[in-house]
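S.K.: The following file, my_file-v6.cif, comprises mmCIF, C-alpha atoms and all ligand atoms:
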data_structure
#
loop_
_atom_site.label_atom_id
_atom_site.label_comp_id
_atom_site.auth_asym_id
_atom_site.auth_seq_id
_atom_site.Cartn_x
_atom_site.Cartn_y
_atom_site.Cartn_z
CA MET V 1 0.00 0.00 0.00
CA THR V 2 1.37 3.46 -0.87
CA SER V 3 1.94 5.50 2.24
CA ILE V 4 1.21 9.21 2.30
CA SER V 5 4.24 11.27 3.27
CA PRO V 6 3.44 13.96 5.84
CA GLY V 7 6.38 16.01 4.51
CA GLU V 8 8.51 18.11 6.88
CA ALA V 9 5.67 19.27 9.12
CA ASP V 10 5.64 18.19 12.76
CA TYR V 11 2.23 16.76 13.65
CA THR V 12 3.01 16.00 17.31
CA ILE V 13 0.34 17.38 19.62
CA LYS V 14 1.04 18.65 23.15
CA PRO V 15 -0.16 16.30 25.95
CA ASP V 16 -2.68 18.82 27.37
CA GLN V 17 -4.25 19.28 23.93
CA GLN V 18 -4.30 15.51 23.43
CA LYS V 19 -6.21 15.25 26.72
CA ARG V 20 -8.68 17.85 25.51
CA LEU V 21 -9.38 15.75 22.43
CA ASP V 22 -9.76 12.58 24.52
CA ASP V 23 -12.17 14.27 26.94
CA PHE V 24 -14.14 15.75 24.06
CA TYR V 25 -14.49 12.31 22.47
CA GLN V 26 -15.69 10.78 25.77
CA MET V 27 -18.28 13.56 26.12
CA LEU V 28 -19.53 12.88 22.58
CA LEU V 29 -19.93 9.17 23.35
CA VAL V 30 -22.14 10.00 26.34
CA GLU V 31 -24.23 12.45 24.29
CA ALA V 32 -24.54 9.94 21.44
CA ASP V 33 -26.24 7.57 23.86
CA HIS V 34 -28.90 10.24 24.53
CA PHE V 35 -29.61 11.15 20.92
CA LEU V 36 -33.36 10.90 20.30
CA GLY V 37 -34.49 14.27 19.02
CA TYR V 38 -32.78 14.71 15.65
CA PRO V 39 -33.10 12.58 12.52
CA CYS V 40 -29.46 11.55 12.17
CA THR V 41 -28.48 7.94 12.59
CA ARG V 42 -25.27 7.09 14.41
CA GLU V 43 -25.25 3.59 12.93
CA PHE V 44 -22.57 3.45 10.25
CA ASP V 45 -19.06 2.11 9.89
CA TYR V 46 -16.82 3.65 7.25
CA ARG V 47 -13.47 2.60 8.73
CA PRO V 48 -12.39 0.85 5.46
CA LEU V 49 -12.63 4.27 3.78
CA TYR V 50 -10.50 6.27 6.23
CA ARG V 51 -7.40 6.04 3.96
CA PHE V 52 -9.14 8.30 1.45
CA LEU V 53 -9.06 11.09 4.05
CA GLY V 54 -5.30 11.33 3.42
CA LEU V 55 -5.79 12.79 -0.07
CA PRO V 56 -6.95 16.25 -1.24
CA MET V 57 -9.97 14.85 -3.05
CA ASN V 58 -12.55 17.25 -4.48
CA ASN V 59 -15.63 16.60 -6.62
CA VAL V 60 -15.63 20.07 -8.17
CA GLY V 61 -17.83 20.33 -11.25
CA ASP V 62 -20.51 18.21 -12.85
CA PRO V 63 -20.20 14.54 -11.86
CA TYR V 64 -21.13 13.42 -15.38
CA ILE V 65 -18.47 15.38 -17.24
CA PRO V 66 -14.71 14.71 -17.06
CA SER V 67 -12.83 17.45 -15.21
CA ARG V 68 -9.13 18.41 -15.14
CA TYR V 69 -9.20 17.86 -11.36
CA HIS V 70 -8.61 14.11 -11.36
CA LEU V 71 -8.65 13.46 -7.59
CA ASN V 72 -12.41 13.04 -7.55
CA SER V 73 -14.94 10.30 -6.79
CA HIS V 74 -17.38 11.22 -9.58
CA GLU V 75 -17.61 7.59 -10.66
CA PHE V 76 -18.96 6.59 -7.23
CA GLU V 77 -21.10 9.72 -7.00
CA ARG V 78 -22.88 8.76 -10.23
CA GLU V 79 -23.63 5.31 -8.84
CA VAL V 80 -25.12 6.88 -5.71
CA VAL V 81 -27.35 9.05 -7.91
CA ASP V 82 -28.37 5.93 -9.88
CA PHE V 83 -29.45 4.20 -6.67
CA PHE V 84 -31.60 7.18 -5.68
CA ALA V 85 -33.02 7.38 -9.21
CA HIS V 86 -34.17 3.80 -8.74
CA LEU V 87 -35.71 4.65 -5.33
CA THR V 88 -37.51 7.71 -6.70
CA HIS V 89 -38.86 5.98 -9.83
CA VAL V 90 -37.11 7.78 -12.63
CA ARG V 91 -35.06 6.35 -15.49
CA LYS V 92 -31.31 6.83 -15.09
CA ASP V 93 -31.04 8.49 -18.49
CA GLU V 94 -33.82 10.95 -17.68
CA VAL V 95 -32.36 12.27 -14.44
CA TRP V 96 -29.35 14.29 -13.35
CA GLY V 97 -28.12 14.68 -9.81
CA TYR V 98 -25.22 15.03 -7.44
CA VAL V 99 -24.20 14.56 -3.84
CA THR V 100 -24.78 17.79 -1.92
CA ASN V 101 -23.73 19.09 1.49
CA GLY V 102 -27.17 18.19 2.84
CA GLY V 103 -30.90 18.65 2.42
CA THR V 104 -30.62 22.43 2.49
CA GLU V 105 -28.33 22.56 -0.55
CA GLY V 106 -30.65 20.14 -2.38
CA ASN V 107 -33.60 22.41 -1.70
CA MET V 108 -31.61 25.41 -2.79
CA TYR V 109 -30.75 23.64 -6.04
CA GLY V 110 -34.42 22.71 -6.66
CA ILE V 111 -35.61 26.28 -6.07
CA TYR V 112 -32.75 27.70 -8.16
CA LEU V 113 -33.60 25.40 -11.07
CA ALA V 114 -37.32 26.20 -10.86
CA ARG V 115 -36.51 29.91 -10.71
CA GLU V 116 -34.25 29.66 -13.79
CA LEU V 117 -37.01 27.89 -15.70
CA TYR V 118 -39.74 30.24 -14.49
CA PRO V 119 -38.12 33.59 -13.55
CA LYS V 120 -41.55 35.10 -12.83
CA GLY V 121 -42.75 32.01 -10.95
CA LEU V 122 -44.32 32.29 -7.50
CA VAL V 123 -43.14 29.80 -4.88
CA TYR V 124 -45.79 28.26 -2.59
CA TYR V 125 -44.70 26.45 0.58
CA SER V 126 -46.48 25.48 3.75
CA GLU V 127 -45.91 26.95 7.20
CA ALA V 128 -44.53 23.54 8.33
CA THR V 129 -41.63 23.87 5.86
CA HIS V 130 -38.03 23.68 7.14
CA TYR V 131 -36.71 26.99 8.48
CA SER V 132 -33.99 27.17 5.80
CA VAL V 133 -36.46 27.54 2.93
CA PRO V 134 -37.57 31.17 3.52
CA LYS V 135 -33.84 32.02 3.71
CA ILE V 136 -33.19 30.28 0.36
CA LEU V 137 -36.11 32.18 -1.18
CA ARG V 138 -34.59 35.45 -0.01
CA MET V 139 -31.20 34.45 -1.43
CA VAL V 140 -32.62 33.76 -4.90
CA ASP V 141 -34.95 36.76 -4.57
CA SER V 142 -38.00 34.71 -5.42
CA ARG V 143 -41.56 35.87 -4.95
CA ASN V 144 -43.23 33.49 -2.52
CA ILE V 145 -46.34 32.88 -0.44
CA MET V 146 -46.63 30.81 2.72
CA ILE V 147 -49.65 28.48 2.78
CA LYS V 148 -51.44 27.28 5.92
CA SER V 149 -50.73 23.81 7.29
CA GLN V 150 -53.24 21.36 8.68
CA SER V 151 -52.95 20.38 12.35
CA LYS V 152 -50.74 17.33 11.63
CA GLY V 153 -48.40 19.22 9.32
CA GLU V 154 -49.73 18.49 5.79
CA ILE V 155 -50.29 21.49 3.54
CA ASP V 156 -53.83 22.95 3.58
CA TYR V 157 -55.00 22.14 0.03
CA GLN V 158 -57.91 24.56 0.15
CA ASP V 159 -55.66 27.47 1.09
CA LEU V 160 -53.20 26.38 -1.61
CA ALA V 161 -55.92 26.23 -4.29
CA GLU V 162 -57.44 29.58 -3.29
CA THR V 163 -54.05 31.30 -3.23
CA ILE V 164 -52.93 29.91 -6.59
CA ARG V 165 -56.31 30.89 -8.10
CA ILE V 166 -55.58 34.54 -7.30
CA HIS V 167 -52.19 34.31 -9.07
CA ARG V 168 -53.19 32.17 -12.05
CA ASP V 169 -51.35 34.46 -14.43
CA VAL V 170 -47.87 33.44 -13.18
CA PRO V 171 -46.22 30.00 -13.14
CA ALA V 172 -46.55 28.08 -9.87
CA ILE V 173 -43.51 26.63 -8.12
CA ILE V 174 -44.64 24.21 -5.44
CA PHE V 175 -42.28 23.39 -2.61
CA ALA V 176 -43.78 20.11 -1.33
CA ASN V 177 -42.82 18.51 1.97
CA ILE V 178 -42.24 14.79 1.87
CA GLY V 179 -41.90 14.50 5.61
CA THR V 180 -42.07 17.79 7.52
CA THR V 181 -39.38 18.52 10.08
CA MET V 182 -41.58 18.51 13.19
CA THR V 183 -44.27 15.93 12.38
CA GLY V 184 -43.10 13.94 9.35
CA ALA V 185 -46.19 14.94 7.33
CA VAL V 186 -46.25 14.22 3.59
CA ASP V 187 -47.92 16.62 1.15
CA ASP V 188 -50.07 14.73 -1.36
CA LEU V 189 -48.70 15.25 -4.87
CA ARG V 190 -51.90 13.85 -6.41
CA ARG V 191 -53.98 16.57 -4.76
CA ILE V 192 -51.48 19.25 -5.74
CA LYS V 193 -51.57 18.12 -9.37
CA GLN V 194 -55.38 18.04 -9.24
CA ILE V 195 -55.37 21.69 -8.15
CA MET V 196 -53.20 22.54 -11.18
CA ARG V 197 -55.64 20.70 -13.47
CA ASP V 198 -58.69 22.34 -11.88
CA LEU V 199 -57.15 25.79 -12.36
CA ALA V 200 -55.86 24.92 -15.87
CA ILE V 201 -52.31 25.90 -14.88
CA LYS V 202 -49.90 24.49 -17.44
CA ASN V 203 -46.64 26.10 -16.29
CA TYR V 204 -45.73 24.72 -12.92
CA TYR V 205 -42.83 23.02 -11.16
CA ILE V 206 -42.86 20.73 -8.12
CA HIS V 207 -39.81 20.42 -5.89
CA CYS V 208 -39.99 17.77 -3.16
CA ASP V 209 -38.14 18.18 0.11
CA ALA V 210 -37.75 14.54 1.09
CA ALA V 211 -34.92 15.11 3.59
CA LEU V 212 -35.81 12.17 5.83
CA SER V 213 -38.84 10.45 4.29
CA GLY V 214 -37.08 10.12 0.93
CA MET V 215 -35.18 7.29 2.60
CA ILE V 216 -38.29 5.82 4.29
CA LEU V 217 -41.15 5.78 1.76
CA PRO V 218 -39.28 3.71 -0.89
CA PHE V 219 -38.97 0.92 1.69
CA VAL V 220 -42.56 0.66 2.99
CA ASP V 221 -45.64 -0.96 1.47
CA ASN V 222 -48.40 1.28 0.10
CA ALA V 223 -46.40 4.49 0.29
CA GLN V 224 -48.08 7.65 -0.99
CA PRO V 225 -46.65 8.68 -4.44
CA SER V 226 -44.09 11.28 -3.48
CA ASP V 227 -41.40 11.11 -6.13
CA PHE V 228 -40.97 11.43 -9.91
CA SER V 229 -43.79 8.91 -10.48
CA GLY V 230 -46.07 11.29 -8.55
CA GLY V 231 -45.08 14.37 -10.56
CA ALA V 232 -41.94 15.74 -8.87
CA ASP V 233 -39.54 17.75 -11.04
CA SER V 234 -36.74 17.62 -8.48
CA ILE V 235 -36.14 15.94 -5.12
CA ALA V 236 -33.74 16.62 -2.26
CA ILE V 237 -32.83 13.90 0.25
CA SER V 238 -30.41 14.08 3.18
CA GLY V 239 -27.61 11.50 3.28
CA HIS V 240 -26.50 11.86 6.89
CA LYS V 241 -30.03 11.33 8.23
CA MET V 242 -31.14 7.78 7.36
CA VAL V 243 -28.18 6.41 5.37
CA GLY V 244 -25.78 7.87 7.91
CA SER V 245 -22.53 9.81 7.63
CA PRO V 246 -20.17 11.58 10.04
CA ILE V 247 -20.06 14.44 7.52
CA PRO V 248 -23.40 16.03 6.51
CA CYS V 249 -24.40 15.23 2.93
CA GLY V 250 -27.42 14.75 0.69
CA ILE V 251 -28.57 13.88 -2.79
CA VAL V 252 -30.42 16.07 -5.24
CA LEU V 253 -32.10 14.73 -8.35
CA ALA V 254 -33.70 16.72 -11.16
CA LYS V 255 -35.12 16.04 -14.60
CA LYS V 256 -32.20 16.12 -17.02
CA THR V 257 -34.00 18.18 -19.67
CA ASN V 258 -34.49 21.02 -17.18
CA VAL V 259 -30.88 20.90 -15.94
CA GLU V 260 -29.51 21.07 -19.49
CA ARG V 261 -31.41 24.30 -20.07
CA VAL V 262 -29.56 26.11 -17.26
CA ALA V 263 -26.04 24.58 -17.43
CA CYS V 264 -23.07 26.81 -18.27
CA ALA V 265 -19.46 25.92 -19.19
CA VAL V 266 -16.40 27.03 -17.20
CA GLU V 267 -12.92 26.98 -18.72
CA TYR V 268 -11.01 26.95 -15.39
CA ILE V 269 -12.09 23.39 -14.52
CA SER V 270 -12.99 22.41 -18.11
CA THR V 271 -16.43 21.16 -17.15
CA LEU V 272 -19.98 22.44 -16.61
CA ASP V 273 -20.88 24.57 -13.58
CA THR V 274 -24.13 22.81 -12.76
CA THR V 275 -23.81 22.44 -8.98
CA VAL V 276 -24.47 25.01 -6.22
CA SER V 277 -21.02 24.66 -4.63
CA GLY V 278 -17.79 24.84 -6.61
CA SER V 279 -15.47 22.64 -4.54
CA ARG V 280 -17.49 19.65 -3.38
CA ASN V 281 -16.97 16.86 -0.89
CA ALA V 282 -15.53 13.74 -2.53
CA ILE V 283 -15.58 11.60 0.63
CA THR V 284 -19.32 11.68 1.31
CA PRO V 285 -20.17 10.12 -2.08
CA LEU V 286 -17.81 7.28 -1.09
CA PHE V 287 -19.57 6.93 2.28
CA LEU V 288 -23.01 6.79 0.63
CA TRP V 289 -21.78 4.38 -2.04
CA TYR V 290 -20.27 2.12 0.64
CA ALA V 291 -23.49 2.15 2.68
CA ILE V 292 -25.48 1.23 -0.43
CA GLN V 293 -23.09 -1.62 -1.32
CA THR V 294 -23.07 -3.07 2.18
CA ARG V 295 -26.77 -2.63 3.02
CA GLN V 296 -28.49 -2.99 -0.34
CA TYR V 297 -32.23 -2.33 -0.78
CA SER V 298 -33.16 -5.31 1.42
CA GLY V 299 -30.93 -4.10 4.28
CA PHE V 300 -32.47 -0.64 4.28
CA ARG V 301 -35.96 -2.14 4.18
CA LYS V 302 -35.17 -4.12 7.32
CA ILE V 303 -33.75 -1.02 9.05
CA ILE V 304 -36.84 1.07 8.21
CA GLY V 305 -39.09 -1.74 9.50
CA HIS V 306 -37.17 -1.64 12.79
CA CYS V 307 -37.48 2.18 13.02
CA LEU V 308 -41.27 2.01 12.51
CA GLU V 309 -41.58 -0.72 15.13
CA VAL V 310 -39.63 1.37 17.67
CA ALA V 311 -41.80 4.40 16.79
CA ASP V 312 -44.92 2.40 17.68
CA TYR V 313 -43.25 1.15 20.84
CA ALA V 314 -42.45 4.76 21.79
CA ILE V 315 -46.07 5.81 21.22
CA SER V 316 -47.49 3.05 23.39
CA SER V 317 -44.86 3.61 26.13
CA LEU V 318 -45.50 7.35 26.18
CA LYS V 319 -49.27 6.83 26.26
CA ALA V 320 -48.86 4.37 29.15
CA ALA V 321 -46.98 7.14 30.97
CA GLY V 322 -49.86 9.56 30.38
CA VAL V 323 -48.23 11.43 27.47
CA SER V 324 -50.41 11.70 24.36
CA ALA V 325 -48.10 10.70 21.50
CA TRP V 326 -48.81 10.15 17.81
CA ARG V 327 -47.17 9.87 14.41
CA ASN V 328 -48.14 10.41 10.80
CA ARG V 329 -48.49 7.38 8.48
CA HIS V 330 -45.10 5.90 7.47
CA SER V 331 -43.31 8.39 9.68
CA ILE V 332 -40.76 7.62 12.40
CA THR V 333 -41.24 11.06 14.00
CA VAL V 334 -43.16 10.61 17.26
CA VAL V 335 -44.89 13.81 18.34
CA PHE V 336 -45.99 14.67 21.90
CA PRO V 337 -46.54 17.72 24.10
CA LYS V 338 -43.40 19.56 25.22
CA GLN V 339 -41.91 18.04 28.38
CA HIS V 340 -39.80 19.31 31.29
CA GLU V 341 -36.67 21.23 30.19
CA ASP V 342 -34.32 18.75 31.95
CA VAL V 343 -35.70 15.89 29.88
CA LEU V 344 -35.58 17.89 26.64
CA SER V 345 -31.98 18.85 27.26
CA ARG V 346 -30.76 15.41 28.39
CA TRP V 347 -32.26 13.68 25.33
CA GLN V 348 -31.57 16.52 22.84
CA ILE V 349 -35.24 16.95 21.95
CA ALA V 350 -36.29 19.50 19.31
CA VAL V 351 -39.37 21.59 20.14
CA HIS V 352 -41.67 23.86 18.20
CA GLY V 353 -44.29 25.82 20.11
CA ASP V 354 -46.14 23.37 22.35
CA ILE V 355 -44.92 20.21 20.66
CA ALA V 356 -41.78 18.12 20.84
CA HIS V 357 -40.68 15.02 18.95
CA ILE V 358 -38.30 12.11 19.01
CA VAL V 359 -37.20 10.42 15.81
CA THR V 360 -36.69 6.67 16.05
CA MET V 361 -33.59 6.46 13.87
CA PRO V 362 -31.78 3.11 13.47
CA HIS V 363 -29.62 3.62 16.59
CA VAL V 364 -32.69 4.17 18.81
CA LYS V 365 -33.51 0.96 20.67
CA LYS V 366 -36.45 0.11 22.91
CA SER V 367 -34.07 0.42 25.90
CA HIS V 368 -33.52 4.12 25.00
CA ILE V 369 -37.29 4.64 24.94
CA ASN V 370 -37.63 2.95 28.36
CA ARG V 371 -34.99 5.27 29.85
CA PHE V 372 -36.52 8.31 28.17
CA VAL V 373 -40.02 7.53 29.49
CA ALA V 374 -38.61 6.83 32.97
CA ASP V 375 -37.00 10.31 32.89
CA ILE V 376 -40.33 11.89 31.90
CA LEU V 377 -42.06 10.15 34.80
CA ALA V 378 -39.28 11.13 37.21
CA ALA V 379 -39.47 14.78 36.07
CA LYS V 380 -43.25 14.76 36.62
CA GLN V 381 -42.76 13.20 40.05
CA ASN V 382 -40.17 15.84 41.03
CA LYS V 383 -42.44 18.61 39.81
CA SER V 384 -45.39 17.38 41.84
CA THR V 385 -43.12 16.92 44.89
CA VAL V 386 -41.85 20.49 44.55
CA CYS V 387 -45.38 21.86 44.05
CA ALA V 388 -46.75 19.90 47.00
C1 LIG O 401 -37.83 18.59 6.11
C2 LIG O 401 -36.41 19.05 6.16
N1 LIG O 401 -35.91 19.69 5.10
C3 LIG O 401 -34.63 20.11 5.08
C4 LIG O 401 -33.81 19.90 6.15
C5 LIG O 401 -32.42 20.40 6.09
O1 LIG O 401 -31.59 19.33 5.84
P1 LIG O 401 -30.03 19.37 6.18
O2 LIG O 401 -29.91 19.51 7.66
O3 LIG O 401 -29.56 18.05 5.65
O4 LIG O 401 -29.45 20.53 5.45
C6 LIG O 401 -34.29 19.23 7.28
C7 LIG O 401 -33.42 18.98 8.43
O5 LIG O 401 -33.79 18.47 9.45
C8 LIG O 401 -35.63 18.80 7.27
O6 LIG O 401 -36.15 18.17 8.34
#
Can I see the file as structure tokens?
Ligand SMILES: Cc1ncc(COP(=O)(O)O)c(C=O)c1O
M.R.:
Amino acid sequence: MTSISPGEADYTIKPDQQKRLDDFYQMLLVEADHFLGYPCTREFDYRPLYRFLGLPMNNVGDPYIPSRYHLNSHEFEREVVDFFAHLTHVRKDEVWGYVTNGGTEGNMYGIYLARELYPKGLVYYSEATHYSVPKILRMVDSRNIMIKSQSKGEIDYQDLAETIRIHRDVPAIIFANIGTTMTGAVDDLRRIKQIMRDLAIKNYYIHCDAALSGMILPFVDNAQPSDFSGGADSIAISGHKMVGSPIPCGIVLAKKTNVERVACAVEYISTLDTTVSGSRNAITPLFLWYAIQTRQYSGFRKIIGHCLEVADYAISSLKAAGVSAWRNRHSITVVFPKQHEDVLSRWQIAVHGDIAHIVTMPHVKKSHINRFVADILAAKQNKSTVCA
């Protein structure tokens, strides 16, 4: 094996700084055992890939076009995109995509593409949409309207239809949630398309934010159509959430014909500048590729089945403890009323208004749920003792 020469530099670290790193690592291990509130799995093992971290790899440019920067993993990146094309029901030759820095970049790409196709288009998104989307809309200076959400997080179709009706003269760009952040709600593409038909709107674009559920719905029976087969023009999925990665990443997919209309050539790297970022991570495509090779479709299906089972276990355990918990169909996000601050902090629970959630990612076991529920009961007990 070729060894990488560290050159003349001295990489020895002082003992006190080494101790800092060791203590920091121990702290992270403790926190990782109390990690219920965010949709990022800690179950992955990429040790066989660590040697690639010794090289200045960079996936700059379009993964489908040869670049003069040869230290890239474009070949693996394309295979990752192919796998997600299969999951989202689109032919490989009809789709283009790349590995992003995460769901946010994928959403930015989708909105950017829609905006390039329809410069006068109006973007519609629900109030349950991820907080980064209004920021993206400001960045691309896009006209937009927020639509009401229903109580469980799905977009309010009546409000959507009435709002689009008023603006029938401009193209509609729909930002659909395929699994909202707080409640895992899925907007129904069939109903959205029906609204377009009813209003005779021909120029429209649908971007799907499938950050988490894009890696759940392809693996469950009777999933609602929420991908290219349901009418999506582009889809963003996070890689570090369900597939798992120590470095945030994601996948964006878009119809090739649309991408070709906005691509532009750059001489400096002798390729097309189709991606949002210039320099791009070349390690995360390897991580995703490795996870796909080692797990395969059947492995992911088993993992998702386990997550749904733990979600149901969490609901029944919380209900038994007097906490009214629920989840949307095919979602692993378990929603319940906000609990005592000590419990929220210890288990890293995200809150929004009166509600909180846990997400039963692959590393969440029934034993974690038991400890979490015991902490809720103990907090209630302490509160009533203090009050008494
Ligand atoms: C629905 C939704 N969209 C987008 C994002 C942003 O994704 P990322 O953190 O990968 O940028 C999240 C993150 O939780 C999300 O829940």
S.K.: Which residues of chain V sit at most 6 Å from ligand LIG 401 (chain O), using only C-alpha atoms and all ligand atoms? Give each one's shortest atom pair and distance in Å (one decimal place), in chain and ascending residue order, as a Markdown table.
M.R.:
| residue | atom | partner | partner_atom | distance |
| --- | --- | --- | --- | --- |
| V:Gly102 | CA | O:LIG401 | O3 | 3.7 |
| V:Gly103 | CA | O:LIG401 | O3 | 3.5 |
| V:Thr104 | CA | O:LIG401 | O4 | 3.7 |
| V:His130 | CA | O:LIG401 | N1 | 5.0 |
| V:Gly179 | CA | O:LIG401 | C1 | 5.8 |
| V:Thr180 | CA | O:LIG401 | C1 | 4.5 |
| V:Thr181 | CA | O:LIG401 | O6 | 3.7 |
| V:Asp209 | CA | O:LIG401 | N1 | 5.7 |
| V:Ala211 | CA | O:LIG401 | N1 | 4.9 |
| V:Ser238 | CA | O:LIG401 | O3 | 4.8 |
S.K.: Find the residue from V:Ala291, V:Ala378, V:Val262, V:Val364 that sits nearest to His340 (chain V); use only C-alpha atoms when measuring.
M.R.: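 Using only C-alpha atoms, His340 (chain V) sits closest to V:Ala378.
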S.K.: May I have the residues within 9 Å of Ala223 (chain V) as an NGL selection string, using only C-alpha atoms and disregarding those fewer than 5 positions away in the same chain?
M.R.: :V and (217-218 or 329-330)
S.K.: Write out, as a PDB file, in the frame of the given file, the residues just selected, with C-alpha atoms.
M.R.:
ATOM      1  CA  LEU V 217     -41.150   5.780   1.760  1.00  0.00           C
ATOM      2  CA  PRO V 218     -39.280   3.710  -0.890  1.00  0.00           C
ATOM      3  CA  ARG V 329     -48.490   7.380   8.480  1.00  0.00           C
ATOM      4  CA  HIS V 330     -45.100   5.900   7.470  1.00  0.00           C
TER       5      HIS V 330
END
S.K.: Determine, counting all atoms listed in the file, which protein, DNA and RNA residues have an atom within 10 Å of an atom of Tyr118 (chain V); residues of the same chain fewer than 3 positions away are not included. Present the result as a ChimeraX atom specification.
M.R.: /V:112-115,121-122,170-173,203-205
S.K.: Counting all atoms listed in the file, which residue out of V:Lys255, V:Arg78, V:Arg261, V:Lys380 sits closest to Leu288 (chain V)?
M.R.: V:Arg78
S.K.: Set the distance at 7 Å and use all atoms listed in the file: which residues neighbour Thr360 (chain V) once local chain neighbours fewer than 4 positions away are removed? I'd like the list as a PDB file with C-alpha atoms, in the coordinates of the input.
M.R.:
ATOM      1  CA  LEU V  36     -33.360  10.900  20.300  1.00  0.00           C
ATOM      2  CA  CYS V 307     -37.480   2.180  13.020  1.00  0.00           C
ATOM      3  CA  VAL V 310     -39.630   1.370  17.670  1.00  0.00           C
ATOM      4  CA  ALA V 311     -41.800   4.400  16.790  1.00  0.00           C
ATOM      5  CA  ILE V 332     -40.760   7.620  12.400  1.00  0.00           C
ATOM      6  CA  THR V 333     -41.240  11.060  14.000  1.00  0.00           C
ATOM      7  CA  VAL V 364     -32.690   4.170  18.810  1.00  0.00           C
TER       8      VAL V 364
END
S.K.: Give me, please, the distance in Å between CA of Gly239 (chain V) and CA of Val359 (chain V), quoted to one decimal.
M.R.: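 CA of Val359 (chain V) lies at a distance of 15.8 Å from CA of Gly239 (chain V).
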S.K.: Select, counting all atoms listed in the file, all protein, DNA and RNA residues no farther than 8 Å from (-18.7, 15.2, 1.0) in file coordinates, and express the selection as a ChimeraX atom specification.
M.R.: /V:99-101,247-249,280-285
S.K.: Hey, can you spit out that residue selection with C-alpha atoms as a JSON list (two decimals), in the frame of the given file?
M.R.:
[["chain", "number", "residue", "atom", "x", "y", "z"],
["V", 99, "VAL", "CA", -24.20, 14.56, -3.84],
["V", 100, "THR", "CA", -24.78, 17.79, -1.92],
["V", 101, "ASN", "CA", -23.73, 19.09, 1.49],
["V", 247, "ILE", "CA", -20.06, 14.44, 7.52],
["V", 248, "PRO", "CA", -23.40, 16.03, 6.51],
["V", 249, "CYS", "CA", -24.40, 15.23, 2.93],
["V", 280, "ARG", "CA", -17.49, 19.65, -3.38],
["V", 281, "ASN", "CA", -16.97, 16.86, -0.89],
["V", 282, "ALA", "CA", -15.53, 13.74, -2.53],
["V", 283, "ILE", "CA", -15.58, 11.60, 0.63],
["V", 284, "THR", "CA", -19.32, 11.68, 1.31],
["V", 285, "PRO", "CA", -20.17, 10.12, -2.08]]
S.K.: Please report the interatomic distance between CA of Arg51 (chain V) and CA of Gln18 (chain V) in Å with one decimal.
M.R.: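 Going from CA of Arg51 (chain V) over to CA of Gln18 (chain V) covers 21.9 Å.
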S.K.: Need the neighbours of (-26.0, 2.8, 4.0): which residues are at most 8 Å away, counting only C-alpha atoms, as a list of chain:residue names?
M.R.: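 Final list of nearby residues, as requested, is V:Phe44, V:Met242, V:Val243, V:Gly244, V:Phe287, V:Leu288, V:Trp289, V:Tyr290, V:Ala291, V:Ile292, V:Gln293, V:Thr294, V:Arg295, V:Gln296, V:Phe300.
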S.K.: Quick one: residues within 8 Å of region 149-152 of chain V, all atoms listed in the file counted, chain neighbours fewer than 6 positions away excluded, as a ChimeraX atom specification?
M.R.: /V:126-128,183,185,328
S.K.: For Val140 (chain V), list every protein, DNA or RNA residue within 9 Å, evaluated using all atoms listed in the file, and leave out those in the same chain fewer than 2 positions away; present the list as a count of residues only.
M.R.: 9
S.K.: So how many Å separate CA of Asn258 (chain V) and CA of Glu94 (chain V), to one decimal?
M.R.: 10.1 Å
S.K.: Looking at all atoms listed in the file, which of V:Leu29, V:Tyr131, V:Thr88, V:Met215 is the one that sits closest to Lys241 (chain V)?
M.R.: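 With all atoms listed in the file as the atom set, the closest residue is V:Met215.
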S.K.: Adding 6 Å on each side of the box along x, y and z that holds all listed atoms of region 252-255 of chain V, could you give its centre and edge lengths in Å to one decimal, as AutoDock Vina command-line options?
M.R.:
--center_x -32.8 --center_y 15.7 --center_z -9.9 --size_x 16.7 --size_y 14.0 --size_z 21.4
S.K.: When you count all atoms listed in the file, which of these residues is closest to His86 (chain V): V:Phe219, V:Phe24, V:Tyr50, V:Tyr64?
M.R.: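 Selected residue with least distance to His86 (chain V): V:Phe219.
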S.K.: Between V:Tyr124, V:Tyr98, V:Tyr157, V:Phe228, which one has atoms that come closest to Phe76 (chain V), using all atoms listed in the file?
M.R.: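 Checking each candidate against Phe76 (chain V), we get V:Tyr98 as the closest.
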S.K.: Return the single residue from V:Lys202, V:Lys120, V:His89, V:Lys148 that is closest to Ser229 (chain V), with distances computed using only C-alpha atoms.
M.R.: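 Smallest separation from Ser229 (chain V) among the options: V:His89.
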